[in-house]
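*Asks:* File name start.cif; file contents mmCIF, C-alpha atoms and all ligand atoms; full text below.
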```
data_data
#
loop_
_atom_site.label_atom_id
_atom_site.label_comp_id
_atom_site.auth_asym_id
_atom_site.auth_seq_id
_atom_site.Cartn_x
_atom_site.Cartn_y
_atom_site.Cartn_z
CA MET A 1 -108.65 -28.50 -18.81
CA GLN A 2 -112.31 -27.69 -18.15
CA SER A 3 -114.50 -29.38 -20.71
CA SER A 4 -116.52 -26.14 -20.99
CA ASP A 5 -113.46 -24.44 -22.54
CA LEU A 6 -113.13 -27.19 -25.10
CA GLU A 7 -112.54 -26.62 -28.75
CA LEU A 8 -113.19 -29.45 -31.17
CA SER A 9 -109.54 -29.29 -32.14
CA ASP A 10 -108.55 -29.86 -28.48
CA LEU A 11 -110.57 -33.02 -28.41
CA ALA A 12 -109.29 -34.12 -31.77
CA SER A 13 -105.59 -33.43 -31.18
CA LYS A 14 -104.98 -33.01 -27.45
CA ALA A 15 -107.22 -35.76 -26.17
CA SER A 16 -104.55 -36.77 -23.68
CA CYS A 17 -105.18 -33.51 -21.73
CA LEU A 18 -108.53 -34.95 -20.70
CA ASP A 19 -108.50 -37.83 -18.27
CA ASP A 20 -112.00 -38.93 -19.15
CA TYR A 21 -111.72 -38.71 -22.93
CA ASP A 22 -111.20 -41.98 -24.72
CA PRO A 23 -112.61 -41.95 -28.24
CA ASN A 24 -112.53 -45.74 -28.29
CA ALA A 25 -114.53 -46.27 -25.10
CA MET A 26 -116.90 -43.38 -24.59
CA SER A 27 -119.92 -43.69 -22.33
CA VAL A 28 -123.31 -42.55 -23.59
CA THR A 29 -123.41 -39.75 -21.01
CA GLN A 30 -119.91 -38.54 -21.87
CA ALA A 31 -120.68 -38.42 -25.56
CA ARG A 32 -123.87 -36.42 -24.91
CA HIS A 33 -121.94 -34.11 -22.65
CA TYR A 34 -119.17 -33.49 -25.18
CA ILE A 35 -121.59 -32.82 -28.01
CA GLN A 36 -123.49 -30.29 -25.88
CA GLN A 37 -120.25 -28.26 -25.39
CA PHE A 38 -120.22 -27.33 -29.06
CA LEU A 39 -123.83 -26.35 -29.56
CA SER A 40 -125.61 -23.05 -29.30
CA PRO A 41 -129.13 -22.22 -30.52
CA VAL A 42 -129.69 -20.56 -33.88
CA SER A 43 -129.73 -16.81 -33.32
CA GLU A 44 -132.27 -15.76 -35.96
CA THR A 45 -135.92 -15.57 -35.02
CA GLU A 46 -139.13 -15.13 -36.95
CA THR A 47 -142.70 -14.18 -36.21
CA VAL A 48 -145.32 -16.85 -36.84
CA THR A 49 -149.08 -16.92 -36.49
CA LEU A 50 -150.58 -19.17 -33.82
CA LYS A 51 -151.67 -21.77 -36.35
CA ASP A 52 -148.09 -22.04 -37.63
CA SER A 53 -146.55 -22.19 -34.18
CA LEU A 54 -147.07 -25.86 -33.25
CA GLY A 55 -143.77 -27.50 -32.27
CA ARG A 56 -141.76 -24.27 -32.63
CA PHE A 57 -139.51 -22.99 -29.84
CA LEU A 58 -140.32 -19.63 -28.34
CA ALA A 59 -137.55 -17.01 -28.67
CA LYS A 60 -139.02 -14.26 -26.44
CA PRO A 61 -141.02 -14.47 -23.21
CA VAL A 62 -144.76 -14.02 -23.53
CA ILE A 63 -146.15 -11.57 -20.96
CA SER A 64 -149.87 -11.27 -20.54
CA GLY A 65 -151.37 -7.88 -21.28
CA MET A 66 -154.67 -8.84 -19.68
CA ASN A 67 -156.39 -10.81 -16.95
CA VAL A 68 -157.91 -14.17 -17.83
CA PRO A 69 -160.73 -14.40 -17.03
CA GLY A 70 -161.21 -10.68 -17.60
CA HIS A 71 -164.18 -10.57 -15.20
CA ASN A 72 -165.60 -12.61 -12.34
CA ASN A 73 -167.87 -15.15 -13.99
CA SER A 74 -170.03 -18.13 -13.18
CA ALA A 75 -168.55 -21.63 -13.19
CA MET A 76 -172.05 -23.17 -13.35
CA ASP A 77 -175.52 -22.79 -14.78
CA GLY A 78 -177.50 -21.71 -11.71
CA PHE A 79 -178.53 -18.66 -9.69
CA ALA A 80 -176.39 -15.74 -8.54
CA PHE A 81 -177.37 -14.19 -5.23
CA ARG A 82 -176.14 -12.44 -2.08
CA HIS A 83 -174.91 -15.08 0.38
CA ALA A 84 -176.43 -13.27 3.35
CA GLU A 85 -179.90 -13.63 1.77
CA GLY A 86 -179.56 -17.30 0.76
CA GLY A 87 -181.54 -18.65 3.74
CA ASN A 88 -184.89 -17.50 2.26
CA PRO A 89 -186.60 -18.08 -1.09
CA LEU A 90 -185.32 -15.53 -3.64
CA LYS A 91 -187.20 -13.83 -6.45
CA VAL A 92 -185.66 -14.40 -9.90
CA ILE A 93 -185.63 -11.06 -11.74
CA GLY A 94 -183.64 -11.83 -14.89
CA THR A 95 -180.93 -13.85 -16.58
CA ALA A 96 -177.22 -13.28 -17.26
CA PHE A 97 -175.87 -15.09 -20.34
CA ALA A 98 -172.24 -15.65 -21.37
CA GLY A 99 -171.53 -12.59 -23.51
CA ALA A 100 -174.74 -10.78 -22.42
CA PRO A 101 -174.33 -9.45 -18.86
CA PHE A 102 -177.26 -8.60 -16.57
CA THR A 103 -176.84 -4.88 -15.91
CA SER A 104 -179.94 -3.85 -13.92
CA GLU A 105 -180.00 -3.45 -10.17
CA ILE A 106 -180.73 -6.60 -8.11
CA PRO A 107 -183.00 -5.48 -5.22
CA ALA A 108 -182.89 -7.09 -1.74
CA GLY A 109 -184.33 -10.62 -1.66
CA CYS A 110 -183.80 -11.12 -5.38
CA CYS A 111 -181.43 -13.13 -7.50
CA ILE A 112 -180.74 -13.76 -11.18
CA LYS A 113 -180.50 -16.90 -13.27
CA ILE A 114 -176.96 -17.19 -14.55
CA MET A 115 -175.26 -19.26 -17.28
CA THR A 116 -171.72 -20.66 -17.22
CA GLY A 117 -169.25 -17.94 -18.21
CA ALA A 118 -171.68 -15.05 -17.62
CA VAL A 119 -170.36 -11.98 -15.77
CA ILE A 120 -171.19 -11.89 -12.04
CA PRO A 121 -172.94 -8.59 -11.32
CA PRO A 122 -171.02 -6.58 -8.67
CA THR A 123 -173.82 -6.74 -6.05
CA VAL A 124 -174.00 -10.55 -5.79
CA ASP A 125 -171.30 -12.82 -4.37
CA THR A 126 -172.28 -16.50 -4.69
CA VAL A 127 -173.64 -18.92 -7.30
CA ILE A 128 -175.64 -22.06 -6.59
CA MET A 129 -175.95 -24.70 -9.26
CA GLN A 130 -179.38 -25.16 -10.71
CA GLU A 131 -179.63 -28.82 -9.60
CA GLN A 132 -179.39 -27.72 -5.94
CA THR A 133 -182.47 -25.51 -6.12
CA SER A 134 -186.21 -25.82 -6.54
CA THR A 135 -188.31 -23.24 -8.34
CA GLU A 136 -191.92 -22.34 -7.77
CA GLY A 137 -193.24 -19.55 -9.97
CA GLU A 138 -190.82 -16.61 -9.61
CA LEU A 139 -189.29 -17.95 -6.40
CA VAL A 140 -186.23 -20.14 -6.07
CA THR A 141 -185.34 -22.04 -2.88
CA LEU A 142 -181.82 -23.27 -2.20
CA ALA A 143 -181.62 -26.91 -1.03
CA LYS A 144 -178.40 -26.11 0.86
CA LEU A 145 -176.55 -22.79 1.22
CA PRO A 146 -173.20 -23.09 -0.58
CA ALA A 147 -170.06 -21.40 0.78
CA LEU A 148 -169.69 -17.66 0.28
CA GLY A 149 -168.15 -17.08 -3.18
CA ALA A 150 -168.95 -20.61 -4.41
CA ASN A 151 -168.95 -21.35 -8.14
CA ILE A 152 -167.39 -18.03 -9.11
CA ARG A 153 -164.27 -17.94 -11.34
CA LEU A 154 -162.31 -14.88 -10.29
CA THR A 155 -160.76 -12.23 -12.51
CA GLY A 156 -157.16 -13.18 -13.36
CA GLU A 157 -157.32 -16.59 -11.64
CA ASP A 158 -156.00 -18.30 -14.79
CA VAL A 159 -153.52 -15.62 -15.90
CA ALA A 160 -152.95 -12.24 -14.26
CA VAL A 161 -152.03 -9.11 -16.23
CA GLY A 162 -148.20 -8.74 -16.33
CA GLN A 163 -147.63 -12.45 -15.69
CA THR A 164 -144.97 -14.28 -17.76
CA VAL A 165 -146.93 -17.15 -19.23
CA LEU A 166 -144.30 -18.77 -21.44
CA THR A 167 -140.52 -18.47 -21.35
CA PRO A 168 -137.94 -18.68 -24.17
CA GLY A 169 -137.08 -22.22 -25.21
CA HIS A 170 -140.60 -23.47 -24.56
CA ARG A 171 -141.92 -25.79 -27.26
CA ILE A 172 -145.36 -24.70 -28.38
CA GLU A 173 -147.93 -27.41 -27.73
CA PRO A 174 -151.66 -27.36 -28.54
CA ALA A 175 -152.54 -26.09 -25.03
CA ASP A 176 -150.11 -23.18 -25.47
CA MET A 177 -151.83 -22.21 -28.70
CA GLY A 178 -155.13 -22.04 -26.83
CA LEU A 179 -153.55 -20.20 -23.91
CA LEU A 180 -152.01 -17.59 -26.23
CA ALA A 181 -155.35 -17.15 -28.00
CA SER A 182 -157.04 -16.66 -24.59
CA LEU A 183 -154.69 -13.70 -24.11
CA GLY A 184 -155.60 -12.27 -27.49
CA ILE A 185 -152.11 -13.02 -28.85
CA GLY A 186 -152.18 -14.04 -32.51
CA GLU A 187 -148.44 -14.07 -33.33
CA ILE A 188 -145.29 -15.08 -31.47
CA GLU A 189 -141.57 -14.86 -32.03
CA VAL A 190 -139.88 -18.24 -32.43
CA TYR A 191 -136.43 -19.45 -33.42
CA ARG A 192 -136.14 -19.96 -37.14
CA ARG A 193 -136.42 -23.50 -38.38
CA LEU A 194 -133.22 -25.50 -38.32
CA LYS A 195 -132.11 -26.64 -41.78
CA VAL A 196 -131.07 -30.27 -41.69
CA ALA A 197 -129.86 -32.35 -44.65
CA PHE A 198 -128.95 -36.00 -44.70
CA PHE A 199 -127.70 -38.62 -47.08
CA SER A 200 -126.95 -42.31 -46.96
CA THR A 201 -123.63 -43.77 -48.00
CA GLY A 202 -123.08 -47.23 -49.44
CA ASP A 203 -122.51 -48.83 -52.84
CA GLU A 204 -125.13 -51.45 -51.98
CA LEU A 205 -128.00 -49.02 -51.48
CA ILE A 206 -130.85 -48.60 -53.93
CA SER A 207 -133.69 -46.11 -53.64
CA VAL A 208 -137.26 -47.36 -53.29
CA GLY A 209 -138.92 -47.67 -56.69
CA LYS A 210 -135.93 -49.20 -58.50
CA PRO A 211 -135.37 -52.94 -58.93
CA LEU A 212 -132.71 -54.63 -56.79
CA GLN A 213 -129.70 -56.32 -58.36
CA PRO A 214 -128.05 -59.21 -56.50
CA GLY A 215 -126.38 -58.00 -53.29
CA GLN A 216 -128.18 -54.68 -53.25
CA ILE A 217 -130.56 -53.53 -50.53
CA TYR A 218 -133.13 -50.81 -50.29
CA ASP A 219 -132.02 -47.67 -48.51
CA SER A 220 -134.27 -47.63 -45.44
CA ASN A 221 -132.35 -45.14 -43.30
CA ARG A 222 -133.37 -42.23 -45.47
CA TYR A 223 -136.99 -42.95 -44.64
CA SER A 224 -136.63 -43.55 -40.91
CA LEU A 225 -134.43 -40.44 -40.69
CA TRP A 226 -136.93 -38.44 -42.70
CA GLY A 227 -139.59 -39.52 -40.22
CA VAL A 228 -137.68 -38.64 -37.06
CA LEU A 229 -136.57 -35.29 -38.47
CA GLU A 230 -140.09 -34.37 -39.59
CA ALA A 231 -141.39 -35.31 -36.15
CA ILE A 232 -138.92 -32.93 -34.47
CA GLY A 233 -140.02 -30.10 -36.71
CA VAL A 234 -136.83 -29.16 -38.56
CA SER A 235 -136.75 -28.31 -42.25
CA VAL A 236 -135.58 -31.58 -43.81
CA THR A 237 -133.70 -32.13 -47.06
CA ASP A 238 -132.99 -35.61 -48.38
CA LEU A 239 -129.81 -35.55 -50.42
CA GLY A 240 -130.24 -39.15 -51.56
CA ASN A 241 -127.73 -41.94 -51.32
CA VAL A 242 -124.10 -41.50 -52.28
CA ALA A 243 -121.81 -44.29 -53.37
CA ASP A 244 -118.67 -45.10 -51.35
CA ASP A 245 -116.69 -42.89 -53.67
CA PRO A 246 -114.45 -40.20 -52.15
CA ALA A 247 -115.09 -37.62 -54.85
CA ALA A 248 -118.88 -38.01 -54.74
CA LEU A 249 -118.93 -38.00 -50.93
CA GLU A 250 -116.69 -34.95 -50.77
CA LYS A 251 -118.83 -33.00 -53.19
CA THR A 252 -122.13 -33.83 -51.45
CA LEU A 253 -120.71 -33.19 -48.00
CA LEU A 254 -119.16 -29.82 -48.85
CA GLU A 255 -122.19 -28.55 -50.70
CA ALA A 256 -124.43 -29.60 -47.84
CA ALA A 257 -122.19 -28.04 -45.18
CA PHE A 258 -122.38 -24.76 -47.06
CA GLU A 259 -126.16 -24.71 -47.16
CA TYR A 260 -127.49 -26.40 -44.02
CA ASP A 261 -127.13 -25.98 -40.27
CA VAL A 262 -126.75 -29.69 -39.74
CA VAL A 263 -125.61 -32.50 -42.01
CA ILE A 264 -126.31 -36.11 -41.07
CA THR A 265 -124.95 -39.13 -42.87
CA SER A 266 -125.59 -42.79 -42.27
CA GLY A 267 -123.08 -45.54 -42.94
CA GLY A 268 -119.38 -45.33 -43.50
CA VAL A 269 -118.33 -44.66 -39.90
CA SER A 270 -117.78 -48.27 -38.85
CA VAL A 271 -114.35 -49.89 -38.68
CA GLY A 272 -113.08 -50.52 -42.17
CA GLU A 273 -115.04 -47.68 -43.67
CA ALA A 274 -114.16 -45.06 -41.07
CA ASP A 275 -110.68 -44.31 -42.42
CA PHE A 276 -112.19 -43.36 -45.68
CA MET A 277 -114.62 -40.84 -44.13
CA LYS A 278 -112.01 -39.83 -41.57
CA GLN A 279 -109.60 -38.62 -44.23
CA LEU A 280 -112.31 -36.77 -46.02
CA LEU A 281 -113.62 -35.11 -42.89
CA ALA A 282 -110.15 -34.35 -41.55
CA LYS A 283 -109.47 -32.48 -44.77
CA HIS A 284 -112.51 -30.23 -44.48
CA GLY A 285 -113.56 -30.06 -40.88
CA GLN A 286 -112.97 -31.12 -37.34
CA VAL A 287 -114.75 -34.37 -36.80
CA LEU A 288 -114.43 -36.75 -33.90
CA PHE A 289 -114.93 -40.46 -34.38
CA TRP A 290 -116.10 -42.25 -31.31
CA LYS A 291 -116.80 -45.79 -30.30
CA ILE A 292 -119.57 -45.55 -27.76
CA ASN A 293 -120.02 -48.18 -25.05
CA MET A 294 -123.50 -48.91 -26.24
CA LYS A 295 -125.55 -51.41 -28.15
CA PRO A 296 -126.76 -50.99 -30.78
CA GLY A 297 -124.96 -48.09 -32.40
CA ARG A 298 -121.32 -48.22 -31.38
CA PRO A 299 -119.68 -45.91 -33.95
CA LEU A 300 -120.66 -42.24 -33.97
CA ALA A 301 -118.97 -39.25 -35.55
CA TYR A 302 -119.60 -35.69 -34.46
CA GLY A 303 -117.97 -32.50 -35.59
CA LYS A 304 -118.13 -29.38 -37.68
CA ILE A 305 -117.60 -28.82 -41.36
CA GLY A 306 -117.40 -25.08 -41.82
CA ILE A 307 -120.16 -23.81 -39.55
CA ALA A 308 -122.40 -26.85 -40.10
CA HIS A 309 -122.68 -29.47 -37.39
CA TYR A 310 -122.02 -32.96 -38.65
CA PHE A 311 -123.32 -36.27 -37.31
CA GLY A 312 -122.14 -39.55 -38.80
CA LEU A 313 -124.51 -42.35 -37.83
CA PRO A 314 -123.82 -46.05 -38.23
CA GLY A 315 -125.40 -47.67 -41.28
CA ASN A 316 -127.23 -50.52 -39.58
CA PRO A 317 -130.87 -49.44 -39.62
CA VAL A 318 -131.57 -49.94 -35.89
CA SER A 319 -128.21 -48.43 -34.88
CA ALA A 320 -128.90 -45.40 -37.05
CA MET A 321 -132.24 -44.80 -35.32
CA VAL A 322 -130.97 -45.47 -31.81
CA THR A 323 -127.96 -43.15 -32.21
CA PHE A 324 -130.25 -40.55 -33.71
CA TYR A 325 -132.65 -40.70 -30.76
CA GLN A 326 -129.97 -40.88 -28.10
CA PHE A 327 -127.58 -38.18 -29.41
CA VAL A 328 -128.76 -36.26 -32.45
CA GLN A 329 -132.31 -35.51 -31.33
CA GLU A 330 -131.11 -33.82 -28.14
CA ALA A 331 -128.45 -31.88 -30.09
CA LEU A 332 -130.98 -30.69 -32.66
CA LYS A 333 -133.30 -29.53 -29.90
CA THR A 334 -130.47 -27.49 -28.37
CA LEU A 335 -129.75 -25.92 -31.76
CA MET A 336 -133.47 -25.22 -32.20
CA GLY A 337 -133.48 -23.27 -28.93
CA ALA A 338 -135.15 -25.82 -26.64
CA ALA A 339 -134.88 -25.11 -22.92
CA HIS A 340 -135.76 -28.64 -21.83
CA LEU A 341 -133.97 -31.67 -23.19
CA ALA A 342 -134.63 -34.53 -20.80
CA THR A 343 -136.43 -37.52 -22.30
CA PRO A 344 -139.05 -38.86 -19.87
CA SER A 345 -138.42 -42.36 -18.60
CA PHE A 346 -139.89 -44.52 -15.86
CA GLN A 347 -139.58 -47.98 -14.39
CA VAL A 348 -141.82 -50.95 -15.11
CA LYS A 349 -141.50 -54.69 -14.65
CA CYS A 350 -140.08 -56.55 -17.62
CA VAL A 351 -141.93 -59.85 -18.00
CA ASN A 352 -139.11 -61.67 -19.76
CA ALA A 353 -135.48 -62.35 -18.86
CA ILE A 354 -132.92 -60.09 -20.55
CA LYS A 355 -129.52 -61.13 -21.85
CA LYS A 356 -126.92 -58.42 -21.35
CA ALA A 357 -123.23 -57.96 -20.52
CA THR A 358 -122.04 -55.21 -18.13
CA GLY A 359 -119.82 -52.41 -19.41
CA ARG A 360 -122.09 -50.88 -22.01
CA THR A 361 -125.47 -49.22 -22.20
CA GLU A 362 -128.10 -51.09 -24.15
CA PHE A 363 -131.20 -49.68 -25.76
CA GLN A 364 -133.31 -52.77 -26.25
CA ARG A 365 -136.56 -52.47 -28.13
CA GLY A 366 -139.54 -52.98 -25.85
CA ILE A 367 -143.32 -53.20 -25.98
CA LEU A 368 -145.21 -51.55 -23.14
CA PHE A 369 -148.50 -53.36 -22.61
CA LYS A 370 -151.29 -53.37 -20.05
CA GLU A 371 -151.97 -56.52 -18.05
CA GLY A 372 -155.07 -56.06 -15.90
CA GLU A 373 -154.52 -52.61 -14.38
CA THR A 374 -150.73 -52.67 -14.61
CA TRP A 375 -148.41 -51.52 -17.36
CA LYS A 376 -145.53 -53.91 -18.03
CA VAL A 377 -142.88 -54.25 -20.68
CA LYS A 378 -141.55 -57.11 -22.79
CA THR A 379 -138.71 -57.09 -25.27
CA THR A 380 -139.44 -57.38 -28.98
CA GLY A 381 -137.34 -60.55 -29.14
CA GLU A 382 -134.39 -60.65 -31.53
CA GLN A 383 -132.32 -57.50 -30.84
CA GLY A 384 -129.87 -57.48 -33.77
CA SER A 385 -128.91 -54.06 -35.12
CA GLY A 386 -130.19 -54.99 -38.57
CA ILE A 387 -133.65 -56.08 -37.35
CA LEU A 388 -135.58 -52.94 -38.23
CA SER A 389 -138.89 -54.70 -37.67
CA SER A 390 -137.97 -54.67 -33.94
CA MET A 391 -138.10 -50.85 -33.99
CA SER A 392 -141.40 -50.93 -35.82
CA ARG A 393 -142.94 -53.39 -33.32
CA ALA A 394 -141.54 -51.53 -30.30
CA ASN A 395 -143.21 -48.62 -28.54
CA CYS A 396 -140.34 -47.91 -26.15
CA PHE A 397 -136.64 -48.34 -25.48
CA ILE A 398 -135.66 -50.45 -22.50
CA VAL A 399 -132.59 -48.58 -21.24
CA LEU A 400 -130.09 -50.80 -19.45
CA ASN A 401 -127.10 -48.93 -18.06
CA GLU A 402 -123.42 -49.97 -18.07
CA GLN A 403 -123.59 -51.57 -14.60
CA THR A 404 -126.57 -53.77 -15.47
CA GLY A 405 -125.92 -57.39 -16.39
CA ALA A 406 -128.35 -60.15 -17.34
CA LEU A 407 -131.78 -59.75 -15.73
CA GLU A 408 -134.33 -62.28 -14.55
CA ALA A 409 -137.94 -62.06 -15.64
CA GLY A 410 -139.91 -59.71 -13.37
CA THR A 411 -137.10 -57.18 -12.80
CA LEU A 412 -137.87 -53.44 -12.84
CA VAL A 413 -136.32 -51.78 -15.90
CA GLU A 414 -136.18 -48.19 -17.14
CA VAL A 415 -138.21 -47.45 -20.27
CA GLN A 416 -138.33 -44.44 -22.58
CA PRO A 417 -141.75 -44.45 -24.30
CA PHE A 418 -141.75 -43.43 -27.96
CA HIS A 419 -145.08 -41.60 -27.56
CA GLY A 420 -147.09 -40.13 -24.71
CA VAL A 421 -150.46 -38.44 -24.53
CA CYS A 422 -149.31 -35.89 -27.05
P1 LIG B 1 -121.95 -49.38 -42.65
O1 LIG B 1 -122.13 -48.60 -41.37
O2 LIG B 1 -121.89 -48.52 -43.86
O3 LIG B 1 -120.78 -50.30 -42.53
O4 LIG B 1 -123.23 -50.27 -42.82
C1 LIG B 1 -123.56 -51.27 -41.87
C2 LIG B 1 -124.73 -52.12 -42.36
O5 LIG B 1 -125.87 -51.31 -42.53
C3 LIG B 1 -124.48 -52.79 -43.71
O6 LIG B 1 -125.09 -54.06 -43.68
C4 LIG B 1 -125.19 -51.88 -44.68
O7 LIG B 1 -125.60 -52.52 -45.86
C5 LIG B 1 -126.38 -51.42 -43.86
N1 LIG B 1 -126.80 -50.09 -44.29
C6 LIG B 1 -126.00 -49.02 -44.42
N2 LIG B 1 -126.71 -47.95 -44.82
C7 LIG B 1 -128.00 -48.37 -44.95
C8 LIG B 1 -129.21 -47.73 -45.33
N3 LIG B 1 -129.22 -46.43 -45.67
N4 LIG B 1 -130.34 -48.45 -45.36
C9 LIG B 1 -130.32 -49.77 -44.99
N5 LIG B 1 -129.22 -50.41 -44.61
C10 LIG B 1 -128.07 -49.73 -44.59
MG MG B 2 -121.43 -48.70 -45.82
#
```
Here is the file; what I need is its structure written in the form of structure tokens.
*Replies:*
Amino acid sequence: MQSSDLELSDLASKASCLDDYDPNAMSVTQARHYIQQFLSPVSETETVTLKDSLGRFLAKPVISGMNVPGHNNSAMDGFAFRHAEGGNPLKVIGTAFAGAPFTSEIPAGCCIKIMTGAVIPPTVDTVIMQEQTSTEGELVTLAKLPALGANIRLTGEDVAVGQTVLTPGHRIEPADMGLLASLGIGEIEVYRRLKVAFFSTGDELISVGKPLQPGQIYDSNRYSLWGVLEAIGVSVTDLGNVADDPAALEKTLLEAAFEYDVVITSGGVSVGEADFMKQLLAKHGQVLFWKINMKPGRPLAYGKIGIAHYFGLPGNPVSAMVTFYQFVQEALKTLMGAAHLATPSFQVKCVNAIKKATGRTEFQRGILFKEGETWKVKTTGEQGSGILSSMSRANCFIVLNEQTGALEAGTLVEVQPFHGVC
């Protein structure tokens, strides 16, 4: 069976048809691959103004209706002249400003003063920067003749009329907003926002603002999940925390699946609790429970309830975030219409030794730091899946693949930075 022909039910019931499918020992790459088989972008689109477009995914190509720049213009403050006449002092007969072109004739032996961005009159061909000239009265002398055509920005050199500037699936960044404005485009068509709801499960969880009774803990996953979902740009709904009670879970899950594109839960998918959720999900949807060869974040559930996609994350706060970043984020981007999914990563030296067993992928929390001129990484120390402060201190994941074992200090490791320039 080709995995591209897969139905969720095939994976759930006919897993034996697939040589590489073992729900109890799934590699990170396999799990990503399987999830991707069941995703397609939202089909509805909407038109948004440029100021509302940041982080949205383009649904239609943007084709330029004009040249940018629209006219040859000066790249410098200086003098515009005919190259052939540049060997002799030139008489300055006027000034061209950005937005106020010089329209009179420029007789032989003459030039004009020109400002950055001003239109180049058709009868001159070169600009010299002011600092490379000397002026005496009306005459300007060039210290050195620049190349023919120097310091002129040509019509259409940034964007030519008819050029496709942005393609569907492109995430709108600040530079794109400027680029679109430079083309006179004030509105674009983007995929509609994805509606994502989540809730936490666990009898022990208490919402912030209420006092803790013995044995209770504050529900932190709802806040870290809120943060990661907001950062991606989906429409987020927090459905609160739900006790480990089948009736309450069933009600919340079904209502959410009816209303949202994606439902995410945390907790209740680990051994011991999984059967409980399994029965519930088996009754209403097709959900796969996997044990991923990874640390932290071993249990993960993925499936569909009605037409909603469902992700069941582990309850441990670090595991919940790591599984979100490594599986759910990419899936959400696909559903949002993103054309590019790859997370940038690179290699740097890790200054400390790393404890690790082969056979599973680890996402250790790391701190990228600069020593002299070189960027290096160190681990945040204690790597337990309940140590949420390690995620807060970290600014990257150190990704150690299944083949990697313990590492000595000074070894090159792969890192995924949490943030870049933008
Ligand atoms: P579970 O996956 O439900 O077995 O939970 C695993 C661990 O994570 C337990 O120690 C839970 O108390 C803890 N946990 C589960 N959900 C949350 C949450 N929303 N916030 C903080 N800790 C949680
Ligand atoms: Mg629980």
*Asks:* Show me a table, sorted first by chain and then by increasing residue number, of the residues of chain A having an atom at most 7 Å from ligand MG 2 (chain B), each with its shortest atom pair and the distance in Å to one decimal, counting all atoms listed in the file and written as JSON lines.
*Replies:*
```
{"residue": "A:Thr201", "atom": "CA", "partner": "B:MG2", "partner_atom": "MG", "distance": 5.8}
{"residue": "A:Gly202", "atom": "CA", "partner": "B:MG2", "partner_atom": "MG", "distance": 4.2}
{"residue": "A:Gly267", "atom": "CA", "partner": "B:MG2", "partner_atom": "MG", "distance": 4.6}
{"residue": "A:Gly268", "atom": "CA", "partner": "B:MG2", "partner_atom": "MG", "distance": 4.6}
{"residue": "A:Glu273", "atom": "CA", "partner": "B:MG2", "partner_atom": "MG", "distance": 6.8}
{"residue": "A:Gly315", "atom": "CA", "partner": "B:MG2", "partner_atom": "MG", "distance": 6.1}
```
*Asks:* With a distance cut-off of 9 Å and all atoms listed in the file, select the neighbouring residues of region 232-239 of chain A, excluding the residue or stretch itself and same-chain residues fewer than 5 positions from it, and output the selection as a list in words.
*Replies:* Leu54, Gly55, Arg56, Arg193, Leu194, Lys195, Val196, Ala197, Phe198, Phe199, Ser200, Arg222, Trp226, Gly227, Thr252, Ala256, Tyr260, Gln329, Leu332, Lys333 and Met336 of chain A
*Asks:* Next, dump the selected residues to file, keeping only C-alpha atoms, as a compact mmCIF listing (two decimals), in the frame of the given file.
*Replies:*
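Here's the written file out-v3.txt:
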```txt
# COMPACT_ATOMS: atom_id res chain seq x y z
CA LEU A 54 -147.07 -25.86 -33.25
CA GLY A 55 -143.77 -27.50 -32.27
CA ARG A 56 -141.76 -24.27 -32.63
CA ARG A 193 -136.42 -23.50 -38.38
CA LEU A 194 -133.22 -25.50 -38.32
CA LYS A 195 -132.11 -26.64 -41.78
CA VAL A 196 -131.07 -30.27 -41.69
CA ALA A 197 -129.86 -32.35 -44.65
CA PHE A 198 -128.95 -36.00 -44.70
CA PHE A 199 -127.70 -38.62 -47.08
CA SER A 200 -126.95 -42.31 -46.96
CA ARG A 222 -133.37 -42.23 -45.47
CA TRP A 226 -136.93 -38.44 -42.70
CA GLY A 227 -139.59 -39.52 -40.22
CA THR A 252 -122.13 -33.83 -51.45
CA ALA A 256 -124.43 -29.60 -47.84
CA TYR A 260 -127.49 -26.40 -44.02
CA GLN A 329 -132.31 -35.51 -31.33
CA LEU A 332 -130.98 -30.69 -32.66
CA LYS A 333 -133.30 -29.53 -29.90
CA MET A 336 -133.47 -25.22 -32.20
```
*Asks:* Please write out the residues within 9 Å of ligand LIG 1 (chain B) as a PyMOL selection string, counting only C-alpha atoms and all ligand atoms.
*Replies:* chain A and resi 199-206+216-223+241+244+265-274+299+313-320+385-386
*Asks:* Which residues come within 9 Å of region 33-38 of chain A, counting only C-alpha atoms, excluding same-chain residues fewer than 3 positions away, as a list in words?
*Replies:*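 So, after excluding close chain neighbours, the residues are Ser3, Ser4, Asp5, Leu6, Glu7, Leu8, Val28, Thr29, Gln30, Tyr302, Gly303, His309, Phe327, Glu330, Ala331 and Thr334 of chain A.
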*Asks:* Measuring atom to atom with all atoms listed in the file, identify which of A:Ile305, A:His71, A:Val413, A:Leu407 is nearest to Glu259 (chain A).
*Replies:* A:Ile305
*Asks:* Do you have the CA of Val208 (chain A)-CA of Ala243 (chain A) distance handy?
*Replies:*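 We find that CA of Val208 (chain A) and CA of Ala243 (chain A) lie 15.8 Å from each other.
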*Asks:* State, in Å with one decimal place, the distance from CA of Ala406 (chain A) to CA of Phe346 (chain A).
*Replies:*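 Going from CA of Ala406 (chain A) over to CA of Phe346 (chain A) covers 19.5 Å.
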*Asks:* What is the distance, in Å and to one decimal place, between CA of Asn395 (chain A) and CA of Val377 (chain A)?
*Replies:*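 CA of Asn395 (chain A) sits 9.7 Å away from CA of Val377 (chain A).
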*Asks:* Do a neighbour search on Phe81 (chain A) at 6 Å with all atoms listed in the file, toss out local chain neighbours closer than 6 positions, and write the hits as a count of residues only.
*Replies:* 3
